[in-house]
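Accompanying notes for the structure given below.
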Amino acid sequence: MKHAICLTGAAPLRSEPTHRSEMVSQVLFGELMQVLEQNKEWCLVKLHDDGYQGWISAIQIQRLSQEEFDVLTISPRWISTDLVQVLENRNTKTGMLVSAGSIFYNVENNAFVMAGDQYTYLGSMESMDNINFHEITRHALLFLNTPYLWGGKTAMGMDCSGFTQLVYKMCGINILRDASMQATQGEMLNLIHEAQPGDLMFFDNEEEIIHHVGIMLDDAHIIHAHGKVRIDKVDHHGIFNSDTGKYSHKLRLIKRMTP
């Protein structure tokens, strides 16, 4: 099986092999993937951490041998925790911007080697062996006021499930990509009063299809991506938008994710 890694700041993952196609997600620096299919300019890939599939431009990924892929999957990993920071390529003497949630391997003194190039990260990072899933709300608040972007997973723009997936990733928990997928995971909580900060709250539409997710801050507030990453009141009915004075989302269920 063919494998690859993303070595750009954030590469679009699209529903079809064309730049005009819908962006369904983004692939961040250091994320591993399986290459399922390839044409001249595009690769159909399956992301290693969450199994999400889509098309990515072939020039935005670096192919890996089976041995290189196997080594990386068992290597110590670090995750960037600054919203946006510079990653320097010491071989080419150039830099790129990478977002929170980017993955680095075998780091020593903020430096590592990838695909033969030496990199130095100028921001904050945490070992994924030591990160604390109890800090979900702290990481979530970092993204406050980030604009909404369908398929986005960075501080430049994110959708509701991209936001929750990224925050959980920064706390050492891998969850699936879309809200409906995330709702199939974790432990069900029956009442809002059983929930605690960091739990995921899911909301459905008139067809009873789950289409929205957010992170509970306390028993009366939620942080979620709706227009932007914002804090709203929440109760057993759903999310109450203080700007409109109306409920914007109907609560369906609450889940607790664990490492």
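Just so we're on the same page: first chain in the structure tokens is A, next is B, and so on; residues restart at 1 for each chain, and ligands are numbered from 1 in the order they show up.
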Shell of 7 Å around Ile222 of chain A, only C-alpha atoms, local chain residues under 6 positions omitted, as a PyMOL selection string: chain A and resi 214-216+231-234
Let me see the file: selected residues, C-alpha atoms, as a PDB file, in the first residue's frame.
```pdb
ATOM      1  CA  GLY A 214     -19.960  22.112  20.011  1.00  0.00           C
ATOM      2  CA  ILE A 215     -17.987  21.875  23.245  1.00  0.00           C
ATOM      3  CA  MET A 216     -19.653  22.423  26.604  1.00  0.00           C
ATOM      4  CA  ILE A 231     -19.848  31.277  23.078  1.00  0.00           C
ATOM      5  CA  ASP A 232     -23.614  30.963  23.467  1.00  0.00           C
ATOM      6  CA  LYS A 233     -26.049  29.929  26.156  1.00  0.00           C
ATOM      7  CA  VAL A 234     -27.225  26.314  26.054  1.00  0.00           C
TER       8      VAL A 234
END
```
Quick check, in Å to one decimal: how far apart do atom CA of Gln118 of chain A and atom CA of His48 of chain A lie? 23.5 Å
Neighbouring residues of Glu41 of chain A were defined as those with any atom within 8 Å, considering only C-alpha atoms; residues of the same chain fewer than 2 positions away were excluded. Please report them as an NGL selection string. :A and (38-39 or 43 or 57-59)
What lies within 12 Å of Thr73 of chain A using only C-alpha atoms, ignoring chain neighbours under 4 positions off, as a PyMOL selection string? chain A and resi 3-5+30-33+48-49+64+66-69+77+103-106
8 Å contact set for segment 80-94 of chain A, only C-alpha atoms, chain neighbours under 3 positions out, as a ChimeraX atom specification: /A:97-104,117-126,142-143,154-155,170
As JSON, numbers by chain, list the residues of segment 107-239 of chain A assigned to helix (DSSP H, G or I) by DSSP on the backbone atoms of this structure. {"A": [133, 134, 135, 136, 137, 138, 139, 140, 141, 142, 160, 161, 162, 163, 164, 165, 166, 167, 168, 169, 170, 179, 180, 181, 182, 192, 193, 194]}
Residues of the last selection are to be written out with C-alpha atoms, as an mmCIF file, in the first residue's frame.
```
data_model
loop_
_atom_site.group_PDB
_atom_site.id
_atom_site.type_symbol
_atom_site.label_atom_id
_atom_site.label_comp_id
_atom_site.auth_asym_id
_atom_site.auth_seq_id
_atom_site.Cartn_x
_atom_site.Cartn_y
_atom_site.Cartn_z
ATOM 1 C CA PHE A 133 -7.308 15.880 27.870
ATOM 2 C CA HIS A 134 -8.687 17.821 30.834
ATOM 3 C CA GLU A 135 -7.534 21.022 29.081
ATOM 4 C CA ILE A 136 -10.122 20.783 26.302
ATOM 5 C CA THR A 137 -11.889 24.024 27.210
ATOM 6 C CA ARG A 138 -8.604 25.954 27.490
ATOM 7 C CA HIS A 139 -7.600 24.903 23.989
ATOM 8 C CA ALA A 140 -11.101 25.583 22.663
ATOM 9 C CA LEU A 141 -11.002 29.188 23.876
ATOM 10 C CA LEU A 142 -7.833 29.801 21.838
ATOM 11 C CA CYS A 160 -18.096 23.056 13.652
ATOM 12 C CA SER A 161 -16.704 19.512 13.547
ATOM 13 C CA GLY A 162 -13.281 20.646 12.333
ATOM 14 C CA PHE A 163 -13.158 22.812 15.448
ATOM 15 C CA THR A 164 -14.087 19.993 17.833
ATOM 16 C CA GLN A 165 -11.795 17.482 16.130
ATOM 17 C CA LEU A 166 -8.829 19.863 16.255
ATOM 18 C CA VAL A 167 -9.350 20.796 19.924
ATOM 19 C CA TYR A 168 -9.619 17.155 20.932
ATOM 20 C CA LYS A 169 -6.523 16.315 18.876
ATOM 21 C CA MET A 170 -4.590 18.985 20.805
ATOM 22 C CA ALA A 179 -20.450 15.843 13.411
ATOM 23 C CA SER A 180 -22.579 12.831 12.459
ATOM 24 C CA MET A 181 -19.506 10.608 12.723
ATOM 25 C CA GLN A 182 -18.405 12.058 16.061
ATOM 26 C CA ILE A 192 -27.345 18.118 30.506
ATOM 27 C CA HIS A 193 -26.742 18.194 34.263
ATOM 28 C CA GLU A 194 -24.627 15.027 33.899
#
```
Considering only C-alpha atoms, return as a list in words whatever protein or nucleic-acid residues lie within 8 Å of Asn205 of chain A, sequence-local ones (same chain, fewer than 5 positions apart) excluded. Ile210, His211, His249 and Lys250 of chain A
Got time to write the residues from that selection, C-alpha atoms, as a PDB file, in the first residue's frame?
```pdb
ATOM      1  CA  ILE A 210     -27.114  15.497  13.291  1.00  0.00           C
ATOM      2  CA  HIS A 211     -25.517  18.478  11.594  1.00  0.00           C
ATOM      3  CA  HIS A 249     -29.857  24.656  17.203  1.00  0.00           C
ATOM      4  CA  LYS A 250     -31.936  21.855  18.759  1.00  0.00           C
TER       5      LYS A 250
END
```
Sel. of strand (DSSP E or B) residues, segment 71-244 of chain A, as an MDAnalysis selection string: chainID A and resid 77:80 84:89 94:99 103:105 108 111:114 117:121 125:127 147:148 153:154 157:158 187:189 200:204 210:218 221:226 228:234 238:241
Give the answer as one residue: which of A:Ala225, A:Leu72, A:Ile79, A:Ile131 has the shortest atom-to-atom distance to Trp150 of chain A, using only C-alpha atoms? A:Ala225
